file my_file.txt (compact mmCIF, C-alpha atoms)
# COMPACT_ATOMS: atom_id res chain seq x y z
CA GLY U 1 6.05 -13.35 -53.46
CA GLY U 2 7.69 -13.95 -50.05
CA GLN U 3 5.17 -11.78 -48.16
CA ASN U 4 2.10 -14.06 -48.67
CA THR U 5 3.68 -17.19 -47.22
CA ASP U 6 2.95 -16.13 -43.61
CA LEU U 7 -0.76 -15.65 -44.39
CA ASP U 8 -1.31 -19.01 -46.04
CA PRO U 9 -1.14 -21.13 -42.85
CA MET U 10 -3.40 -18.54 -41.19
CA LYS U 11 -5.91 -18.78 -44.01
CA LYS U 12 -5.73 -22.56 -43.90
CA SER U 13 -6.30 -22.78 -40.16
CA LEU U 14 -9.12 -20.23 -40.38
CA ALA U 15 -10.78 -22.20 -43.17
CA LEU U 16 -10.36 -25.42 -41.20
CA PHE U 17 -11.76 -23.77 -38.06
CA LEU U 18 -14.81 -22.51 -39.99
CA LEU U 19 -15.35 -25.95 -41.51
CA VAL U 20 -15.23 -27.65 -38.10
CA PHE U 21 -17.41 -24.93 -36.58
CA VAL U 22 -20.10 -25.25 -39.26
CA ALA U 23 -19.96 -29.06 -39.02
CA GLN U 24 -20.44 -28.83 -35.25
CA ILE U 25 -23.44 -26.53 -35.62
CA SER U 26 -25.19 -28.81 -38.10
CA PHE U 27 -24.36 -31.85 -35.94
CA ALA U 28 -25.69 -30.07 -32.85
CA GLN U 29 -28.91 -29.21 -34.67
CA LYS U 30 -29.44 -32.84 -35.64
CA ASN U 31 -29.02 -33.96 -32.05
CA ALA U 32 -30.67 -30.93 -30.46
CA PRO U 33 -33.48 -31.90 -28.10
CA VAL U 34 -36.95 -31.17 -29.37
CA ALA U 35 -38.27 -27.94 -27.86
CA PRO U 36 -39.91 -29.07 -24.62
CA VAL U 37 -43.67 -29.26 -24.50
CA VAL U 38 -44.77 -26.57 -22.06
CA LEU U 39 -47.92 -27.28 -20.09
CA PRO U 40 -49.78 -24.53 -18.21
CA VAL U 41 -48.19 -23.91 -14.80
CA ASP U 42 -49.90 -22.07 -11.95
CA SER U 43 -47.88 -18.97 -11.01
CA ILE U 44 -48.38 -19.53 -7.27
CA THR U 45 -48.22 -23.31 -6.79
CA LYS U 46 -45.75 -23.84 -9.70
CA LEU U 47 -47.73 -26.99 -10.53
CA ILE U 48 -49.05 -28.02 -13.94
CA THR U 49 -52.63 -26.75 -13.75
CA TYR U 50 -55.47 -26.71 -16.23
CA GLU U 51 -58.37 -24.58 -15.10
CA GLY U 52 -61.29 -22.73 -16.52
CA VAL U 53 -64.76 -21.38 -15.94
CA LEU U 54 -67.37 -22.38 -18.50
CA GLU U 55 -70.90 -21.09 -18.86
CA ALA U 56 -74.08 -23.16 -18.90
CA LYS U 57 -76.60 -20.38 -19.34
CA GLY U 58 -79.96 -20.86 -17.68
CA VAL U 59 -78.98 -24.02 -15.77
CA GLY U 60 -79.30 -23.87 -11.98
CA ALA U 61 -76.49 -24.86 -9.64
CA ASP U 62 -78.25 -28.01 -8.37
CA ALA U 63 -78.91 -29.24 -11.90
CA LEU U 64 -75.28 -28.53 -12.86
CA TYR U 65 -74.11 -30.41 -9.78
CA GLN U 66 -76.12 -33.45 -10.90
CA ARG U 67 -74.64 -33.14 -14.40
CA ALA U 68 -71.14 -33.00 -12.91
CA LEU U 69 -71.82 -36.12 -10.86
CA THR U 70 -73.24 -37.92 -13.89
CA TRP U 71 -70.17 -36.95 -15.93
CA PHE U 72 -67.83 -38.20 -13.19
CA ARG U 73 -69.66 -41.53 -13.04
CA GLY U 74 -69.60 -41.91 -16.82
CA PHE U 75 -66.10 -40.66 -17.63
CA TYR U 76 -64.25 -42.70 -15.01
CA LYS U 77 -64.49 -46.50 -14.99
CA ASN U 78 -64.22 -46.63 -11.18
CA PRO U 79 -65.94 -43.46 -9.87
CA GLY U 80 -66.27 -44.89 -6.35
CA GLU U 81 -62.48 -45.09 -6.13
CA VAL U 82 -61.87 -41.79 -7.94
CA ILE U 83 -64.26 -39.47 -6.06
CA ARG U 84 -62.68 -38.32 -2.79
CA GLU U 85 -65.05 -35.48 -1.95
CA ASN U 86 -68.66 -35.16 -3.00
CA ASP U 87 -70.12 -32.08 -1.33
CA SER U 88 -73.70 -31.30 -2.33
CA ILE U 89 -73.77 -28.30 0.05
CA LYS U 90 -70.63 -26.58 -1.31
CA LEU U 91 -71.54 -27.96 -4.77
CA LYS U 92 -68.04 -29.32 -5.27
CA ILE U 93 -66.64 -32.68 -6.37
CA THR U 94 -62.97 -33.66 -6.04
CA GLY U 95 -61.41 -36.77 -7.48
CA LYS U 96 -58.00 -38.39 -7.78
CA PRO U 97 -58.06 -40.34 -11.05
CA ARG U 98 -55.19 -41.89 -12.95
CA PHE U 99 -54.52 -42.74 -16.57
CA LYS U 100 -51.93 -44.74 -18.49
CA ILE U 101 -49.12 -43.23 -20.50
CA TYR U 102 -47.14 -45.08 -23.14
CA ASN U 103 -43.65 -45.20 -24.57
CA ALA U 104 -43.21 -44.40 -28.24
CA PRO U 105 -43.80 -47.48 -30.43
CA ASP U 106 -40.72 -49.61 -31.09
CA LYS U 107 -39.61 -50.71 -34.58
CA THR U 108 -42.40 -53.30 -34.75
CA GLY U 109 -45.01 -50.66 -33.81
CA LEU U 110 -45.53 -52.11 -30.34
CA LYS U 111 -46.43 -49.53 -27.68
CA THR U 112 -45.37 -50.37 -24.13
CA GLU U 113 -46.90 -48.88 -21.01
CA ALA U 114 -44.85 -46.22 -19.23
CA GLY U 115 -46.89 -46.28 -16.06
CA LEU U 116 -49.70 -44.23 -14.56
CA VAL U 117 -50.20 -40.52 -14.10
CA GLN U 118 -52.41 -39.51 -11.18
CA TYR U 119 -53.92 -36.04 -10.78
CA THR U 120 -56.48 -34.13 -8.76
CA ILE U 121 -59.63 -32.84 -10.44
CA THR U 122 -62.03 -30.40 -8.78
CA LEU U 123 -65.39 -29.37 -10.22
CA ALA U 124 -67.40 -26.59 -8.58
CA VAL U 125 -70.73 -25.22 -9.79
CA LYS U 126 -72.81 -22.06 -9.42
CA ASP U 127 -75.98 -20.99 -11.19
CA GLY U 128 -75.23 -20.89 -14.90
CA ARG U 129 -71.53 -21.75 -14.73
CA PHE U 130 -69.00 -24.27 -13.55
CA ARG U 131 -65.31 -24.28 -12.78
CA TYR U 132 -62.82 -27.07 -13.33
CA GLU U 133 -59.26 -27.49 -12.13
CA LEU U 134 -56.84 -30.33 -12.84
CA THR U 135 -53.55 -30.22 -10.95
CA GLU U 136 -51.06 -32.27 -8.85
CA PHE U 137 -50.08 -34.41 -11.83
CA ASN U 138 -47.67 -37.08 -10.66
CA TRP U 139 -46.08 -40.18 -12.17
CA LYS U 140 -46.87 -43.14 -9.95
CA GLN U 141 -43.51 -44.26 -8.54
CA LEU U 142 -42.33 -45.59 -5.19
CA SER U 143 -41.93 -42.00 -4.03
CA TYR U 144 -43.93 -38.97 -5.18
CA TYR U 145 -42.73 -37.91 -8.65
CA PRO U 146 -44.25 -34.60 -9.83
CA CYS U 147 -44.74 -34.44 -13.61
CA GLU U 148 -43.24 -30.93 -13.56
CA ARG U 149 -39.86 -32.74 -13.55
CA TRP U 150 -40.54 -33.81 -17.13
CA MET U 151 -40.24 -30.16 -18.20
CA ASP U 152 -36.83 -29.68 -16.57
CA THR U 153 -34.58 -30.22 -19.59
CA LYS U 154 -31.51 -29.15 -17.57
CA SER U 155 -31.91 -31.98 -15.06
CA GLN U 156 -29.27 -34.72 -15.13
CA THR U 157 -32.04 -37.32 -15.16
CA TYR U 158 -33.89 -35.69 -18.11
CA LEU U 159 -34.86 -38.03 -20.96
CA PRO U 160 -36.26 -36.95 -24.36
CA VAL U 161 -39.18 -39.39 -23.90
CA TYR U 162 -40.54 -37.07 -21.18
CA ASN U 163 -41.61 -34.71 -23.95
CA ASP U 164 -43.81 -37.47 -25.31
CA TYR U 165 -45.30 -38.05 -21.85
CA LEU U 166 -46.13 -34.33 -21.56
CA THR U 167 -47.83 -34.41 -24.97
CA GLN U 168 -49.92 -37.38 -23.80
CA VAL U 169 -50.94 -35.54 -20.60
CA ASP U 170 -51.92 -32.47 -22.62
CA GLY U 171 -53.95 -34.53 -25.10
CA TYR U 172 -55.68 -36.43 -22.30
CA VAL U 173 -56.69 -33.21 -20.49
CA LYS U 174 -57.94 -31.47 -23.64
CA ASP U 175 -60.10 -34.49 -24.46
CA LEU U 176 -61.42 -34.58 -20.88
CA VAL U 177 -62.28 -30.86 -20.88
CA ALA U 178 -64.11 -31.17 -24.22
CA LYS U 179 -66.19 -34.09 -22.89
CA LEU U 180 -66.85 -32.29 -19.61
CA HIS U 181 -67.96 -29.17 -21.48
CA GLU U 182 -70.34 -31.20 -23.60
CA ALA U 183 -71.79 -33.04 -20.59
CA MET U 184 -72.31 -29.84 -18.61
CA THR U 185 -73.78 -27.70 -21.40
CA HIS U 186 -75.14 -30.41 -23.74
CA GLU U 187 -73.40 -28.55 -26.54
CA LYS U 188 -70.54 -29.74 -28.68
CA PRO U 189 -67.48 -27.70 -27.65
CA VAL U 190 -66.44 -24.95 -30.05
CA LYS U 191 -63.58 -26.10 -32.25
CA ASP U 192 -61.86 -22.72 -32.11
CA ARG U 193 -60.20 -22.90 -28.70
CA ASP U 194 -59.10 -19.25 -28.79
CA ASN U 195 -62.53 -17.88 -29.47
CA TRP U 196 -64.53 -18.75 -26.38
call {"tool": "encode", "arguments": {"input": "my_file.txt", "output": "structure tokens"}}
result
Amino acid sequence: GGQNTDLDPMKKSLALFLLVFVAQISFAQKNAPVAPVVLPVDSITKLITYEGVLEAKGVGADALYQRALTWFRGFYKNPGEVIRENDSIKLKITGKPRFKIYNAPDKTGLKTEAGLVQYTITLAVKDGRFRYELTEFNWKQLSYYPCERWMDTKSQTYLPVYNDYLTQVDGYVKDLVAKLHEAMTHEKPVKDRDNW
């Protein structure tokens, strides 16, 4: 029986190693960051960009321009401040609105404000269709803070709450696009987002 004695410590240390290894994996999974929310990024500018062309069959460009202006004035509380360019010749409207984001509710359910996100929105119209673009999302700070930083999970300044901020931005934009679509076409947007 003298031959097995050398293997026993080996077996023990291997078993212990496996135990520690498995424990580390399960611990790492518990504390693993949530997969980051990925917002659409323009391949050229590298900025978060939502854009699309939507049809409004049978509606002339001038009428669509008026609809776009009406939507701007209704959607934003302070359109005079928001609208930076209102070009009835090029049939284009550009604005720089902002909206509030919030921190996750604390134990009492209280939601605190996390500041303002500003962005640039451009609407352009042609006969029977219109184009929207939302880009240059930035978190209002003392110096310019692009929201793209929230997606950089490798950054030393990364915080898990940024994921929540990105989700709020995405929800805000999707709601805006649905309302814009309805205002421009007078149709309820199709629920199936993939089938348009």
call {"tool": "atom_distance", "arguments": {"input": "my_file.txt", "atom1": "CA of Glu51 (chain U)", "atom2": "CA of Phe137 (chain U)"}}
result
13.3 Å
call {"tool": "residues_around", "arguments": {"input": "my_file.txt", "residues": "Lys92 (chain U)", "least_positions_apart": "5", "cutoff": "9 Å", "atoms": "all atoms listed in the file", "output": "ChimeraX atom specification"}}
result
/U:65,85-87,122-125
call {"tool": "residues_around", "arguments": {"input": "my_file.txt", "residues": "Thr153 (chain U)", "least_positions_apart": "2", "cutoff": "10 Å", "atoms": "all atoms listed in the file", "output": "NGL selection string"}}
result
:U and (33 or 35-36 or 149-151 or 155-160 or 162-163)
call {"tool": "atom_distance", "arguments": {"input": "my_file.txt", "atom1": "CA of Asp106 (chain U)", "atom2": "CA of Thr167 (chain U)"}}
result
17.9 Å
call {"tool": "residues_near_point", "arguments": {"input": "my_file.txt", "point": "(-53.2, -44.5, -14.1)", "cutoff": "7 Å", "atoms": "all atoms listed in the file", "output": "mmCIF file with C-alpha atoms, in the coordinates of the input"}}
result
data_model
loop_
_atom_site.group_PDB
_atom_site.id
_atom_site.type_symbol
_atom_site.label_atom_id
_atom_site.label_comp_id
_atom_site.auth_asym_id
_atom_site.auth_seq_id
_atom_site.Cartn_x
_atom_site.Cartn_y
_atom_site.Cartn_z
ATOM 1 C CA ARG U 98 -55.190 -41.890 -12.950
ATOM 2 C CA PHE U 99 -54.520 -42.740 -16.570
ATOM 3 C CA LYS U 100 -51.930 -44.740 -18.490
ATOM 4 C CA GLY U 115 -46.890 -46.280 -16.060
ATOM 5 C CA LEU U 116 -49.700 -44.230 -14.560
ATOM 6 C CA VAL U 117 -50.200 -40.520 -14.100
ATOM 7 C CA GLN U 118 -52.410 -39.510 -11.180
#
call {"tool": "atom_distance", "arguments": {"input": "my_file.txt", "atom1": "CA of Val38 (chain U)", "atom2": "CA of Leu166 (chain U)"}}
result
7.9 Å
call {"tool": "closest_residue", "arguments": {"input": "my_file.txt", "among": "U:Ile121, U:Leu142, U:Ala61, U:Ile83", "to": "Thr49 (chain U)", "atoms": "only C-alpha atoms"}}
result
U:Ile121
call {"tool": "residues_around", "arguments": {"input": "my_file.txt", "residues": "Arg84 (chain U)", "least_positions_apart": "5", "cutoff": "7 Å", "atoms": "only C-alpha atoms", "output": "number ranges by chain"}}
result
U: 94-96
call {"tool": "residues_around", "arguments": {"input": "my_file.txt", "residues": "region 70-75 of chain U", "least_positions_apart": "3", "cutoff": "9 Å", "atoms": "only C-alpha atoms", "output": "PyMOL selection string"}}
result
chain U and resi 65-67+78-80+82-83+93+95+176+179-180+183-184
call {"tool": "write_last_selection", "arguments": {"input": "my_file.txt", "atoms": "C-alpha atoms", "output": "mmCIF file, in the frame of the given file"}}
result
data_model
loop_
_atom_site.group_PDB
_atom_site.id
_atom_site.type_symbol
_atom_site.label_atom_id
_atom_site.label_comp_id
_atom_site.auth_asym_id
_atom_site.auth_seq_id
_atom_site.Cartn_x
_atom_site.Cartn_y
_atom_site.Cartn_z
ATOM 1 C CA TYR U 65 -74.110 -30.410 -9.780
ATOM 2 C CA GLN U 66 -76.120 -33.450 -10.900
ATOM 3 C CA ARG U 67 -74.640 -33.140 -14.400
ATOM 4 C CA ASN U 78 -64.220 -46.630 -11.180
ATOM 5 C CA PRO U 79 -65.940 -43.460 -9.870
ATOM 6 C CA GLY U 80 -66.270 -44.890 -6.350
ATOM 7 C CA VAL U 82 -61.870 -41.790 -7.940
ATOM 8 C CA ILE U 83 -64.260 -39.470 -6.060
ATOM 9 C CA ILE U 93 -66.640 -32.680 -6.370
ATOM 10 C CA GLY U 95 -61.410 -36.770 -7.480
ATOM 11 C CA LEU U 176 -61.420 -34.580 -20.880
ATOM 12 C CA LYS U 179 -66.190 -34.090 -22.890
ATOM 13 C CA LEU U 180 -66.850 -32.290 -19.610
ATOM 14 C CA ALA U 183 -71.790 -33.040 -20.590
ATOM 15 C CA MET U 184 -72.310 -29.840 -18.610
#
call {"tool": "residues_around", "arguments": {"input": "my_file.txt", "residues": "Leu47 (chain U)", "least_positions_apart": "6", "cutoff": "7 Å", "atoms": "all atoms listed in the file", "output": "number ranges by chain"}}
result
U: 41, 135-136, 148
call {"tool": "axis_aligned_box", "arguments": {"input": "my_file.txt", "around": "region 51-60 of chain U", "padding_each_side": "6 Å", "output": "JSON"}}
result
{"center_x": -69.2, "center_y": -22.5, "center_z": -15.7, "size_x": 33.6, "size_y": 16.2, "size_z": 19.4}
call {"tool": "closest_residue", "arguments": {"input": "my_file.txt", "among": "U:Ile89, U:Lys174, U:Ser143, U:Arg131", "to": "Gly52 (chain U)", "atoms": "only C-alpha atoms"}}
result
U:Arg131
call {"tool": "closest_residue", "arguments": {"input": "my_file.txt", "among": "U:Lys140, U:Leu134, U:Tyr76, U:Val59", "to": "His186 (chain U)", "atoms": "only C-alpha atoms"}}
result
U:Val59
